[in-house]
>>> print(open('entry.cif').read())   # mmCIF, C-alpha atoms
data_target
loop_
_atom_site.group_PDB
_atom_site.id
_atom_site.type_symbol
_atom_site.label_atom_id
_atom_site.label_comp_id
_atom_site.auth_asym_id
_atom_site.auth_seq_id
_atom_site.Cartn_x
_atom_site.Cartn_y
_atom_site.Cartn_z
ATOM 1 C CA MET A 1 0.000 0.000 0.000
ATOM 2 C CA SER A 2 2.791 2.405 0.942
ATOM 3 C CA ALA A 3 4.478 1.749 -2.414
ATOM 4 C CA VAL A 4 1.250 2.520 -4.242
ATOM 5 C CA LEU A 5 0.772 5.724 -2.265
ATOM 6 C CA GLY A 6 4.350 6.731 -3.052
ATOM 7 C CA VAL A 7 3.829 6.314 -6.807
ATOM 8 C CA LEU A 8 0.528 8.207 -6.593
ATOM 9 C CA ALA A 9 2.145 11.062 -4.701
ATOM 10 C CA GLY A 10 4.915 11.313 -7.303
ATOM 11 C CA ALA A 11 2.405 11.397 -10.111
ATOM 12 C CA LEU A 12 0.395 14.116 -8.391
ATOM 13 C CA LEU A 13 3.550 16.191 -7.858
ATOM 14 C CA ALA A 14 4.551 15.843 -11.517
ATOM 15 C CA TYR A 15 1.068 16.855 -12.621
ATOM 16 C CA ALA A 16 1.142 19.865 -10.313
ATOM 17 C CA MET A 17 4.414 20.997 -11.879
ATOM 18 C CA ILE A 18 3.026 20.895 -15.441
ATOM 19 C CA GLY A 19 1.090 24.150 -15.014
ATOM 20 C CA PRO A 20 4.020 26.365 -13.937
ATOM 21 C CA SER A 21 6.342 24.730 -16.461
ATOM 22 C CA VAL A 22 3.978 25.301 -19.402
ATOM 23 C CA THR A 23 3.296 28.860 -18.257
ATOM 24 C CA LYS A 24 7.023 29.583 -18.026
ATOM 25 C CA GLU A 25 7.593 28.148 -21.507
ATOM 26 C CA ASN A 26 4.710 30.140 -22.967
ATOM 27 C CA ASP A 27 6.026 33.327 -21.365
ATOM 28 C CA SER A 28 9.454 32.598 -22.802
ATOM 29 C CA ASN A 29 8.018 32.021 -26.278
ATOM 30 C CA LYS A 30 6.013 35.249 -26.092
ATOM 31 C CA ALA A 31 9.058 37.199 -24.962
ATOM 32 C CA TYR A 32 11.067 35.821 -27.876
ATOM 33 C CA ASP A 33 8.217 36.517 -30.305
ATOM 34 C CA ALA A 34 7.897 40.081 -29.025
ATOM 35 C CA SER A 35 11.642 40.641 -29.539
ATOM 36 C CA GLN A 36 11.371 39.883 -33.274
ATOM 37 C CA PRO A 37 10.669 42.690 -35.772
ATOM 38 C CA PRO A 38 6.888 42.864 -36.300
ATOM 39 C CA PHE A 39 7.443 42.796 -40.066
ATOM 40 C CA THR A 40 9.868 43.698 -42.830
ATOM 41 C CA VAL A 41 8.904 45.328 -46.128
ATOM 42 C CA SER A 42 10.433 45.167 -49.597
ATOM 43 C CA VAL A 43 9.373 47.470 -52.425
ATOM 44 C CA GLN A 44 10.011 46.618 -56.078
ATOM 45 C CA PRO A 45 8.872 48.372 -59.256
ATOM 46 C CA GLU A 46 6.520 46.293 -61.352
ATOM 47 C CA GLN A 47 8.422 44.612 -64.192
ATOM 48 C CA SER A 48 5.674 42.805 -66.100
ATOM 49 C CA GLU A 49 4.171 44.456 -69.169
ATOM 50 C CA PRO A 50 0.926 46.332 -68.411
ATOM 51 C CA GLN A 51 -2.067 46.079 -70.730
ATOM 52 C CA GLN A 52 -1.577 49.723 -71.678
ATOM 53 C CA TRP A 53 1.732 51.435 -71.076
ATOM 54 C CA ALA A 54 4.018 54.346 -71.775
ATOM 55 C CA MET A 55 7.803 54.159 -71.882
ATOM 56 C CA VAL A 56 9.920 57.219 -71.112
ATOM 57 C CA LEU A 57 13.549 57.716 -72.106
ATOM 58 C CA ASP A 58 16.104 60.351 -71.142
ATOM 59 C CA ARG A 59 17.053 60.874 -74.796
ATOM 60 C CA THR A 60 15.380 60.928 -78.188
ATOM 61 C CA LEU A 61 15.449 57.873 -80.426
ATOM 62 C CA THR A 62 17.664 57.807 -83.487
ATOM 63 C CA ALA A 63 16.241 57.193 -86.940
ATOM 64 C CA GLU A 64 17.618 53.633 -86.851
ATOM 65 C CA GLU A 65 16.086 52.983 -83.429
ATOM 66 C CA ILE A 66 12.726 54.281 -84.649
ATOM 67 C CA ARG A 67 12.926 51.913 -87.618
ATOM 68 C CA LYS A 68 13.709 48.951 -85.340
ATOM 69 C CA MET A 69 10.994 49.981 -82.902
ATOM 70 C CA LYS A 70 8.350 50.014 -85.638
ATOM 71 C CA ALA A 71 9.508 46.618 -86.937
ATOM 72 C CA SER A 72 9.768 44.974 -83.519
ATOM 73 C CA SER A 73 7.347 42.260 -82.413
ATOM 74 C CA ASP A 74 8.091 43.159 -78.768
ATOM 75 C CA VAL A 75 8.267 46.947 -78.553
ATOM 76 C CA PHE A 76 8.064 46.914 -74.758
ATOM 77 C CA SER A 77 11.236 44.828 -74.355
ATOM 78 C CA TYR A 78 13.046 46.701 -77.120
ATOM 79 C CA LEU A 79 12.470 50.078 -75.484
ATOM 80 C CA LYS A 80 13.531 48.677 -72.114
ATOM 81 C CA SER A 81 16.800 47.544 -73.708
ATOM 82 C CA LEU A 82 17.362 51.177 -74.744
ATOM 83 C CA GLY A 83 16.971 52.355 -71.156
ATOM 84 C CA GLY A 84 13.245 53.035 -71.179
ATOM 85 C CA ARG A 85 11.357 53.239 -67.889
ATOM 86 C CA GLN A 86 7.830 51.861 -67.865
ATOM 87 C CA LEU A 87 4.692 53.641 -66.754
ATOM 88 C CA ALA A 88 1.071 52.572 -67.116
ATOM 89 C CA TYR A 89 -2.013 54.437 -68.251
ATOM 90 C CA ALA A 90 -3.989 54.684 -65.014
ATOM 91 C CA PRO A 91 -7.384 53.004 -65.591
ATOM 92 C CA SER A 92 -10.450 55.132 -65.062
ATOM 93 C CA LEU A 93 -12.205 54.080 -61.868
ATOM 94 C CA GLU A 94 -15.711 54.074 -63.324
ATOM 95 C CA HIS A 95 -17.311 52.609 -60.204
ATOM 96 C CA ALA A 96 -15.687 55.051 -57.798
ATOM 97 C CA PRO A 97 -17.761 57.560 -55.815
ATOM 98 C CA GLN A 98 -18.830 60.736 -57.606
ATOM 99 C CA ARG A 99 -16.344 62.863 -55.644
ATOM 100 C CA TYR A 100 -13.440 60.723 -56.856
ATOM 101 C CA ARG A 101 -14.540 60.755 -60.498
ATOM 102 C CA GLU A 102 -14.861 64.545 -60.310
ATOM 103 C CA GLN A 103 -11.273 64.723 -59.105
ATOM 104 C CA GLN A 104 -10.192 62.588 -62.058
ATOM 105 C CA VAL A 105 -11.899 64.969 -64.499
ATOM 106 C CA SER A 106 -10.533 68.076 -62.771
ATOM 107 C CA SER A 107 -6.962 66.764 -63.044
ATOM 108 C CA GLY A 108 -7.201 67.783 -66.700
ATOM 109 C CA GLY A 109 -5.578 64.972 -68.618
ATOM 110 C CA THR A 110 -4.576 61.353 -68.914
ATOM 111 C CA GLU A 111 -2.924 60.021 -65.766
ATOM 112 C CA PHE A 112 0.077 57.692 -65.736
ATOM 113 C CA SER A 113 1.016 55.489 -62.814
ATOM 114 C CA ASP A 114 4.437 54.307 -61.732
ATOM 115 C CA THR A 115 3.445 50.945 -60.282
ATOM 116 C CA LEU A 116 5.179 49.155 -57.433
ATOM 117 C CA LYS A 117 4.708 45.991 -55.432
ATOM 118 C CA MET A 118 5.077 46.139 -51.668
ATOM 119 C CA THR A 119 5.704 42.790 -49.957
ATOM 120 C CA VAL A 120 5.274 42.513 -46.172
ATOM 121 C CA MET A 121 6.909 39.594 -44.339
ATOM 122 C CA SER A 122 6.855 38.468 -40.722
ATOM 123 C CA THR A 123 8.176 35.585 -38.615
ATOM 124 C CA ARG A 124 5.943 36.490 -35.677
ATOM 125 C CA GLN A 125 3.962 33.698 -34.015
ATOM 126 C CA TYR A 126 1.073 36.093 -33.407
ATOM 127 C CA ALA A 127 -0.734 38.231 -35.985
ATOM 128 C CA VAL A 128 0.502 41.681 -37.027
ATOM 129 C CA THR A 129 -2.075 43.899 -38.731
ATOM 130 C CA ILE A 130 -1.158 46.891 -40.916
ATOM 131 C CA ASN A 131 -4.231 49.089 -41.074
ATOM 132 C CA ASP A 132 -3.081 52.491 -42.374
ATOM 133 C CA TRP A 133 -0.228 54.256 -44.131
ATOM 134 C CA LYS A 134 0.804 57.766 -45.124
ATOM 135 C CA VAL A 135 3.300 59.425 -47.454
ATOM 136 C CA THR A 136 6.200 61.272 -45.801
ATOM 137 C CA ASP A 137 9.076 63.528 -46.870
ATOM 138 C CA LEU A 138 7.814 64.118 -50.417
ATOM 139 C CA THR A 139 10.196 65.961 -52.779
ATOM 140 C CA CYS A 140 9.729 66.461 -56.535
ATOM 141 C CA ARG A 141 11.864 67.803 -59.382
ATOM 142 C CA GLU A 142 11.507 68.303 -63.128
ATOM 143 C CA SER A 143 11.489 65.152 -65.254
ATOM 144 C CA THR A 144 14.628 64.340 -67.237
ATOM 145 C CA ALA A 145 12.698 62.399 -69.897
ATOM 146 C CA GLN A 146 12.880 63.608 -73.504
ATOM 147 C CA ALA A 147 10.991 60.869 -75.364
ATOM 148 C CA VAL A 148 7.832 58.895 -74.665
ATOM 149 C CA VAL A 149 6.239 55.973 -76.508
ATOM 150 C CA GLY A 150 2.698 54.922 -75.621
ATOM 151 C CA LEU A 151 0.421 51.938 -76.129
ATOM 152 C CA PRO A 152 -2.891 53.669 -75.296
ATOM 153 C CA PRO A 153 -5.826 51.915 -73.596
ATOM 154 C CA GLN A 154 -8.004 49.642 -75.724
ATOM 155 C CA GLY A 155 -10.374 48.963 -72.831
ATOM 156 C CA GLY A 156 -9.816 46.772 -69.792
ATOM 157 C CA ALA A 157 -10.593 46.775 -66.103
ATOM 158 C CA ALA A 158 -8.540 48.026 -63.178
ATOM 159 C CA TYR A 159 -6.137 45.717 -61.361
ATOM 160 C CA GLU A 160 -6.638 44.805 -57.735
ATOM 161 C CA GLY A 161 -4.606 47.049 -55.456
ATOM 162 C CA ILE A 162 -4.392 50.624 -54.250
ATOM 163 C CA ARG A 163 -3.865 54.033 -55.859
ATOM 164 C CA LEU A 164 -2.561 57.327 -54.604
ATOM 165 C CA HIS A 165 -1.441 60.639 -56.051
ATOM 166 C CA LEU A 166 1.565 62.686 -55.010
ATOM 167 C CA PRO A 167 0.764 64.538 -52.883
ATOM 168 C CA PRO A 168 -2.063 62.217 -51.765
ATOM 169 C CA ARG A 169 -5.649 63.361 -52.201
ATOM 170 C CA ALA A 170 -8.206 63.032 -49.438
ATOM 171 C CA ASP A 171 -8.965 59.418 -48.472
ATOM 172 C CA GLU A 172 -5.995 57.983 -50.408
ATOM 173 C CA PRO A 173 -4.784 55.347 -50.894
ATOM 174 C CA VAL A 174 -8.019 54.053 -52.457
ATOM 175 C CA LEU A 175 -9.074 50.624 -53.680
ATOM 176 C CA THR A 176 -8.618 50.123 -57.431
ATOM 177 C CA ASP A 177 -10.044 46.704 -58.310
ATOM 178 C CA ASP A 178 -13.380 46.359 -60.083
ATOM 179 C CA THR A 179 -15.448 45.362 -57.051
ATOM 180 C CA GLU A 180 -17.657 47.006 -54.483
ATOM 181 C CA GLY A 181 -15.642 49.707 -52.767
ATOM 182 C CA GLN A 182 -13.679 50.913 -55.801
ATOM 183 C CA GLY A 183 -12.364 54.438 -55.165
ATOM 184 C CA GLU A 184 -13.053 54.190 -51.419
ATOM 185 C CA PRO A 185 -10.309 54.549 -48.776
ATOM 186 C CA TYR A 186 -8.471 51.227 -48.820
ATOM 187 C CA PHE A 187 -7.738 50.998 -45.115
ATOM 188 C CA GLU A 188 -11.270 51.946 -44.100
ATOM 189 C CA ASN A 189 -12.401 48.305 -44.277
ATOM 190 C CA ARG A 190 -9.233 46.438 -45.292
ATOM 191 C CA PHE A 191 -5.851 45.618 -43.839
ATOM 192 C CA VAL A 192 -2.697 43.596 -44.448
ATOM 193 C CA GLU A 193 -2.146 40.788 -41.929
ATOM 194 C CA VAL A 194 1.015 38.734 -41.481
ATOM 195 C CA GLY A 195 2.336 36.472 -38.740
ATOM 196 C CA ASN A 196 0.149 33.860 -37.065
ATOM 197 C CA GLY A 197 1.210 31.313 -39.671
ATOM 198 C CA GLN A 198 0.951 33.709 -42.618
ATOM 199 C CA SER A 199 4.505 34.635 -43.541
ATOM 200 C CA SER A 200 3.806 37.279 -46.190
ATOM 201 C CA GLY A 201 1.246 39.633 -47.644
ATOM 202 C CA GLY A 202 1.407 42.498 -50.067
ATOM 203 C CA LEU A 203 -0.068 45.357 -52.037
ATOM 204 C CA ARG A 204 0.115 46.487 -55.645
ATOM 205 C CA ALA A 205 0.253 50.279 -55.662
ATOM 206 C CA GLU A 206 -0.442 52.608 -58.579
ATOM 207 C CA VAL A 207 1.359 55.838 -57.685
ATOM 208 C CA ILE A 208 0.631 58.924 -59.793
ATOM 209 C CA ALA A 209 3.194 61.730 -59.809
ATOM 210 C CA PRO A 210 2.421 65.215 -61.173
ATOM 211 C CA ARG A 211 2.936 65.438 -64.926
ATOM 212 C CA GLY A 212 6.500 66.370 -65.821
ATOM 213 C CA GLN A 213 7.801 65.506 -62.349
ATOM 214 C CA ILE A 214 10.022 62.895 -60.714
ATOM 215 C CA CYS A 215 9.226 62.475 -57.018
ATOM 216 C CA GLU A 216 10.840 60.689 -54.079
ATOM 217 C CA TRP A 217 8.944 59.872 -50.923
ATOM 218 C CA GLY A 218 8.816 57.709 -47.834
ATOM 219 C CA VAL A 219 6.100 55.708 -46.087
ATOM 220 C CA GLN A 220 4.885 55.421 -42.535
ATOM 221 C CA VAL A 221 2.608 52.502 -41.697
ATOM 222 C CA HIS A 222 0.377 51.952 -38.697
ATOM 223 C CA TYR A 223 0.170 48.479 -37.177
ATOM 224 C CA ASN A 224 -1.386 46.629 -34.239
ATOM 225 C CA ASP A 225 -0.327 43.365 -32.646
ATOM 226 C CA THR A 226 -0.793 41.360 -29.456
ATOM 227 C CA TYR A 227 1.964 43.286 -27.711
ATOM 228 C CA ARG A 228 0.850 46.739 -28.833
ATOM 229 C CA PRO A 229 -2.938 46.619 -29.234
ATOM 230 C CA GLU A 230 -3.167 50.416 -29.162
ATOM 231 C CA GLY A 231 -1.150 50.526 -32.393
ATOM 232 C CA ARG A 232 1.964 52.327 -33.532
ATOM 233 C CA TRP A 233 3.222 54.363 -36.512
ATOM 234 C CA VAL A 234 6.626 53.327 -37.907
ATOM 235 C CA GLN A 235 8.747 54.698 -40.747
ATOM 236 C CA LEU A 236 9.641 52.041 -43.304
ATOM 237 C CA LYS A 237 13.388 51.535 -43.760
ATOM 238 C CA ASP A 238 15.530 50.032 -46.505
ATOM 239 C CA ASP A 239 17.919 47.084 -46.142
ATOM 240 C CA LYS A 240 20.617 49.447 -44.825
ATOM 241 C CA GLY A 241 18.418 50.703 -42.011
ATOM 242 C CA GLN A 242 17.840 54.096 -43.627
ATOM 243 C CA PRO A 243 14.380 55.623 -44.236
ATOM 244 C CA LEU A 244 12.958 54.019 -47.358
ATOM 245 C CA ARG A 245 12.850 56.324 -50.414
ATOM 246 C CA ILE A 246 10.567 55.422 -53.323
ATOM 247 C CA ARG A 247 11.056 56.987 -56.759
ATOM 248 C CA THR A 248 7.966 57.789 -58.841
ATOM 249 C CA GLU A 249 7.723 59.658 -62.127
ATOM 250 C CA SER A 250 5.259 60.671 -64.812
ATOM 251 C CA VAL A 251 5.525 61.474 -68.506
ATOM 252 C CA PRO A 252 7.422 64.668 -69.414
ATOM 253 C CA GLU A 253 5.450 67.887 -69.767
ATOM 254 C CA ASN A 254 6.722 68.699 -73.268
ATOM 255 C CA PRO A 255 8.634 65.721 -74.691
ATOM 256 C CA ARG A 256 10.943 66.341 -77.621
ATOM 257 C CA GLN A 257 9.701 63.113 -79.205
ATOM 258 C CA SER A 258 6.483 61.114 -78.745
ATOM 259 C CA TRP A 259 4.918 58.121 -80.498
ATOM 260 C CA VAL A 260 1.786 56.006 -80.071
ATOM 261 C CA PHE A 261 0.821 52.682 -81.625
ATOM 262 C CA GLY A 262 -1.492 49.732 -81.076
ATOM 263 C CA SER A 263 -4.807 49.274 -82.869
ATOM 264 C CA MET A 264 -3.795 52.300 -84.966
ATOM 265 C CA PRO A 265 -0.668 52.552 -87.159
ATOM 266 C CA TRP A 266 2.474 54.077 -85.676
ATOM 267 C CA THR A 267 1.757 57.771 -85.155
ATOM 268 C CA SER A 268 4.211 60.555 -84.390
ATOM 269 C CA CYS A 269 2.453 62.870 -81.952
ATOM 270 C CA ASP A 270 5.007 65.550 -82.806
ATOM 271 C CA ASP A 271 3.655 65.607 -86.366
ATOM 272 C CA MET A 272 -0.008 64.830 -85.557
ATOM 273 C CA PRO A 273 -0.743 66.164 -82.047
ATOM 274 C CA GLU A 274 -4.466 66.451 -82.855
ATOM 275 C CA GLU A 275 -4.831 62.645 -83.063
ATOM 276 C CA ALA A 276 -7.081 61.367 -80.275
ATOM 277 C CA GLN A 277 -4.593 58.670 -79.291
ATOM 278 C CA CYS A 278 -1.956 61.357 -78.726
ATOM 279 C CA TYR A 279 -4.057 62.996 -76.032
ATOM 280 C CA GLY A 280 -2.121 62.866 -72.791
ATOM 281 C CA LEU A 281 1.362 62.399 -74.276
#
>>> encode(input="entry.cif", output="structure tokens")
Amino acid sequence: MSAVLGVLAGALLAYAMIGPSVTKENDSNKAYDASQPPFTVSVQPEQSEPQQWAMVLDRTLTAEEIRKMKASSDVFSYLKSLGGRQLAYAPSLEHAPQRYREQQVSSGGTEFSDTLKMTVMSTRQYAVTINDWKVTDLTCRESTAQAVVGLPPQGGAAYEGIRLHLPPRADEPVLTDDTEGQGEPYFENRFVEVGNGQSSGGLRAEVIAPRGQICEWGVQVHYNDTYRPEGRWVQLKDDKGQPLRIRTESVPENPRQSWVFGSMPWTSCDDMPEEAQCYGL
């Protein structure tokens, strides 16, 4: 009997120690989790060919380059090989609220976006939620571009993502995809969540600089997590630990050379500026 009681007592003692041990381990795991960066962010310009695009170059094309461009089966890649930088015709947000569409009309011309992809990554055990962002330290200068080649819109819907102007308009960034909520403040009902088993998330951003300008800017994001439920604003940094600077440009105000093509034959907008497809270049 005494032997049985001894075994029982040992078992009860071991069971009693499970609670404190598990609690201590959980506290240790939480402390380690809390010590990790809530998230890291990488920003890359979009490289894939948009449905409708414009390419800007810091020099005019030679007669031979124009000949090759017109004969090329892949004009986008050819112009990139010459040092062209891609932009996209910003789709009209037809399902946006009236106030937003009025702003589009009042801007007085075709808008071009410099599109980027923002990837958010986290190793946190618990969820991290990014629920707002704002542009910081915006500086702009005159565009260096001298030539622009455009493949104008032939129709097509907006891509899923966000859009903002520089400087941002009220309520921006806004939702761009062709669903309910288009043109509404993105972070009003949406967020980016990482951690808690989800290692990455991201946003596709159409950023519209003033015509004839090259702009650089930074980003602050607001996030909440288990350890800071009240939330916090943080400045995004690059891989060297410096404040992240994003470069965004538009088409030049008065290019020395401009061309359009697509469903229409190659058209020099310098020679035929009244052509409808030349509007905006």
>>> residues_around(input="entry.cif", residues="A:Asp114", least_positions_apart="4", cutoff="9 Å", atoms="all atoms listed in the file", output="list in words")
Pro45, Glu46, Gln86, Leu87, Ala88, Ala205, Glu206, Val207, Ile208, Ala209, Arg247, Thr248, Glu249 and Ser250 of chain A
>>> write_last_selection(input="entry.cif", atoms="C-alpha atoms", output="tab-separated table (two decimals), in the coordinates of the input")
chain	number	residue	atom	x	y	z
A	45	PRO	CA	8.87	48.37	-59.26
A	46	GLU	CA	6.52	46.29	-61.35
A	86	GLN	CA	7.83	51.86	-67.86
A	87	LEU	CA	4.69	53.64	-66.75
A	88	ALA	CA	1.07	52.57	-67.12
A	205	ALA	CA	0.25	50.28	-55.66
A	206	GLU	CA	-0.44	52.61	-58.58
A	207	VAL	CA	1.36	55.84	-57.68
A	208	ILE	CA	0.63	58.92	-59.79
A	209	ALA	CA	3.19	61.73	-59.81
A	247	ARG	CA	11.06	56.99	-56.76
A	248	THR	CA	7.97	57.79	-58.84
A	249	GLU	CA	7.72	59.66	-62.13
A	250	SER	CA	5.26	60.67	-64.81
>>> closest_residue(input="entry.cif", among="A:Pro152, A:Pro229, A:Pro210, A:Gly202", to="A:Lys117", atoms="only C-alpha atoms")
A:Gly202
>>> closest_residue(input="entry.cif", among="A:Arg228, A:Tyr89, A:Glu184, A:Asp137", to="A:Arg101", atoms="only C-alpha atoms")
A:Glu184
>>> axis_aligned_box(input="entry.cif", around="stretch 262-281 of chain A", padding_each_side="8 Å", output="JSON")
{"center_x": -1.0, "center_y": 57.9, "center_z": -80.0, "size_x": 28.1, "size_y": 33.2, "size_z": 30.4}
>>> resolve_selection(input="entry.cif", expression="the PyMOL selection byres ((chain A and resi 157-171) around 8)", output="list in words")
Pro91, Ser92, Leu93, Val135, Leu138, Gly155, Gly156, Glu172, Pro173, Val174, Leu175, Thr176, Asp177, Asp178, Glu184, Pro185, Tyr186, Leu203, Arg204, Ala205, Glu206, Val207, Ile208, Ala209, Pro210 and Cys215 of chain A
>>> closest_residue(input="entry.cif", among="A:Gly183, A:Cys140, A:Ser73, A:Met55", to="A:Glu102", atoms="only C-alpha atoms")
A:Gly183
>>> residues_around(input="entry.cif", residues="A:Asn131", least_positions_apart="2", cutoff="12 Å", atoms="all atoms listed in the file", output="list in words")
Val128, Thr129, Trp133, Lys134, Pro173, Pro185, Tyr186, Phe187, Glu188, Asn189, Arg190, Phe191, Val192, Glu193, Val194, Gln220, Val221, His222, Tyr223, Asn224, Asp225, Gly231, Arg232 and Trp233 of chain A
>>> closest_residue(input="entry.cif", among="A:Ser263, A:Thr139, A:Ser42, A:Thr179", to="A:Gln213", atoms="all atoms listed in the file")
A:Thr139
>>> closest_residue(input="entry.cif", among="A:Gln98, A:Gln182, A:Gln103, A:Gln47", to="A:Ser77", atoms="all atoms listed in the file")
A:Gln47
>>> atom_distance(input="entry.cif", atom1="atom CA of A:Gly197", atom2="atom CA of A:Ser122")
9.2 Å
>>> atom_distance(input="entry.cif", atom1="atom CA of A:Phe112", atom2="atom CA of A:Phe76")
16.2 Å
>>> closest_residue(input="entry.cif", among="A:Ser48, A:Arg59, A:Met121, A:Gln36", to="A:Gln198", atoms="only C-alpha atoms")
A:Met121
>>> atom_distance(input="entry.cif", atom1="atom CA of A:Leu116", atom2="atom CA of A:Val251")
16.6 Å
>>> resolve_selection(input="entry.cif", expression="the PyMOL selection byres ((chain A and resi 120) around 6)", output="PDB file with C-alpha atoms, keeping the file's coordinate frame")
ATOM      1  CA  THR A  40       9.868  43.698 -42.830  1.00  0.00           C
ATOM      2  CA  VAL A  41       8.904  45.328 -46.128  1.00  0.00           C
ATOM      3  CA  THR A 119       5.704  42.790 -49.957  1.00  0.00           C
ATOM      4  CA  MET A 121       6.909  39.594 -44.339  1.00  0.00           C
ATOM      5  CA  SER A 200       3.806  37.279 -46.190  1.00  0.00           C
ATOM      6  CA  GLY A 201       1.246  39.633 -47.644  1.00  0.00           C
ATOM      7  CA  GLY A 202       1.407  42.498 -50.067  1.00  0.00           C
TER       8      GLY A 202
END
>>> residues_around(input="entry.cif", residues="A:Asp58", least_positions_apart="6", cutoff="8 Å", atoms="all atoms listed in the file", output="ChimeraX atom specification")
/A:84,144-147
>>> write_last_selection(input="entry.cif", atoms="C-alpha atoms", output="PDB file, in the frame of the given file")
ATOM      1  CA  GLY A  84      13.245  53.035 -71.179  1.00  0.00           C
ATOM      2  CA  THR A 144      14.628  64.340 -67.237  1.00  0.00           C
ATOM      3  CA  ALA A 145      12.698  62.399 -69.897  1.00  0.00           C
ATOM      4  CA  GLN A 146      12.880  63.608 -73.504  1.00  0.00           C
ATOM      5  CA  ALA A 147      10.991  60.869 -75.364  1.00  0.00           C
TER       6      ALA A 147
END
>>> residues_around(input="entry.cif", residues="A:Cys278", least_positions_apart="6", cutoff="8 Å", atoms="only C-alpha atoms", output="ChimeraX atom specification")
/A:259-260,269,272
>>> resolve_selection(input="entry.cif", expression="the PyMOL selection byres ((chain A and resi 252) around 6)", output="NGL selection string")
:A and (143 or 145 or 212 or 251 or 253-255)
>>> decode(input="entry.cif", residues="stretch 225-230 of chain A", atoms="all heavy atoms", output="PDB file, in the first residue's frame")
ATOM      1  N   ASP A 225      -0.598  44.767 -32.904  1.00  0.00           N
ATOM      2  CA  ASP A 225      -0.327  43.365 -32.646  1.00  0.00           C
ATOM      3  C   ASP A 225      -0.682  43.038 -31.204  1.00  0.00           C
ATOM      4  O   ASP A 225      -1.178  43.897 -30.457  1.00  0.00           O
ATOM      5  CB  ASP A 225       1.128  42.996 -32.961  1.00  0.00           C
ATOM      6  CG  ASP A 225       2.146  43.745 -32.092  1.00  0.00           C
ATOM      7  OD1 ASP A 225       1.746  44.413 -31.122  1.00  0.00           O
ATOM      8  OD2 ASP A 225       3.348  43.657 -32.399  1.00  0.00           O
ATOM      9  N   THR A 226      -0.450  41.806 -30.803  1.00  0.00           N
ATOM     10  CA  THR A 226      -0.793  41.360 -29.456  1.00  0.00           C
ATOM     11  C   THR A 226      -0.080  42.184 -28.389  1.00  0.00           C
ATOM     12  O   THR A 226      -0.625  42.446 -27.319  1.00  0.00           O
ATOM     13  CB  THR A 226      -0.418  39.869 -29.287  1.00  0.00           C
ATOM     14  OG1 THR A 226      -1.154  39.100 -30.245  1.00  0.00           O
ATOM     15  CG2 THR A 226      -0.737  39.373 -27.882  1.00  0.00           C
ATOM     16  N   TYR A 227       1.147  42.598 -28.705  1.00  0.00           N
ATOM     17  CA  TYR A 227       1.964  43.286 -27.711  1.00  0.00           C
ATOM     18  C   TYR A 227       1.743  44.794 -27.705  1.00  0.00           C
ATOM     19  O   TYR A 227       2.164  45.481 -26.772  1.00  0.00           O
ATOM     20  CB  TYR A 227       3.449  42.982 -27.979  1.00  0.00           C
ATOM     21  CG  TYR A 227       3.697  41.519 -28.219  1.00  0.00           C
ATOM     22  CD1 TYR A 227       4.021  41.051 -29.482  1.00  0.00           C
ATOM     23  CD2 TYR A 227       3.555  40.584 -27.195  1.00  0.00           C
ATOM     24  CE1 TYR A 227       4.219  39.691 -29.725  1.00  0.00           C
ATOM     25  CE2 TYR A 227       3.740  39.230 -27.424  1.00  0.00           C
ATOM     26  CZ  TYR A 227       4.078  38.785 -28.686  1.00  0.00           C
ATOM     27  OH  TYR A 227       4.258  37.455 -28.915  1.00  0.00           O
ATOM     28  N   ARG A 228       1.126  45.303 -28.756  1.00  0.00           N
ATOM     29  CA  ARG A 228       0.850  46.739 -28.833  1.00  0.00           C
ATOM     30  C   ARG A 228      -0.544  46.932 -29.434  1.00  0.00           C
ATOM     31  O   ARG A 228      -0.707  47.414 -30.554  1.00  0.00           O
ATOM     32  CB  ARG A 228       1.911  47.433 -29.681  1.00  0.00           C
ATOM     33  CG  ARG A 228       1.938  48.949 -29.519  1.00  0.00           C
ATOM     34  CD  ARG A 228       2.988  49.556 -30.436  1.00  0.00           C
ATOM     35  NE  ARG A 228       4.335  49.223 -30.039  1.00  0.00           N
ATOM     36  CZ  ARG A 228       5.060  49.958 -29.195  1.00  0.00           C
ATOM     37  NH1 ARG A 228       4.546  51.057 -28.678  1.00  0.00           N
ATOM     38  NH2 ARG A 228       6.291  49.594 -28.887  1.00  0.00           N
ATOM     39  N   PRO A 229      -1.584  46.552 -28.687  1.00  0.00           N
ATOM     40  CA  PRO A 229      -2.938  46.619 -29.234  1.00  0.00           C
ATOM     41  C   PRO A 229      -3.394  48.044 -29.548  1.00  0.00           C
ATOM     42  O   PRO A 229      -4.303  48.235 -30.360  1.00  0.00           O
ATOM     43  CB  PRO A 229      -3.801  45.982 -28.128  1.00  0.00           C
ATOM     44  CG  PRO A 229      -2.977  46.089 -26.886  1.00  0.00           C
ATOM     45  CD  PRO A 229      -1.562  45.980 -27.324  1.00  0.00           C
ATOM     46  N   GLU A 230      -2.784  49.022 -28.894  1.00  0.00           N
ATOM     47  CA  GLU A 230      -3.167  50.416 -29.162  1.00  0.00           C
ATOM     48  C   GLU A 230      -2.633  50.900 -30.505  1.00  0.00           C
ATOM     49  O   GLU A 230      -3.044  51.939 -31.024  1.00  0.00           O
ATOM     50  CB  GLU A 230      -2.670  51.335 -28.044  1.00  0.00           C
ATOM     51  CG  GLU A 230      -1.159  51.592 -28.025  1.00  0.00           C
ATOM     52  CD  GLU A 230      -0.342  50.469 -27.394  1.00  0.00           C
ATOM     53  OE1 GLU A 230      -0.928  49.410 -27.073  1.00  0.00           O
ATOM     54  OE2 GLU A 230       0.874  50.663 -27.217  1.00  0.00           O
TER      55      GLU A 230
END
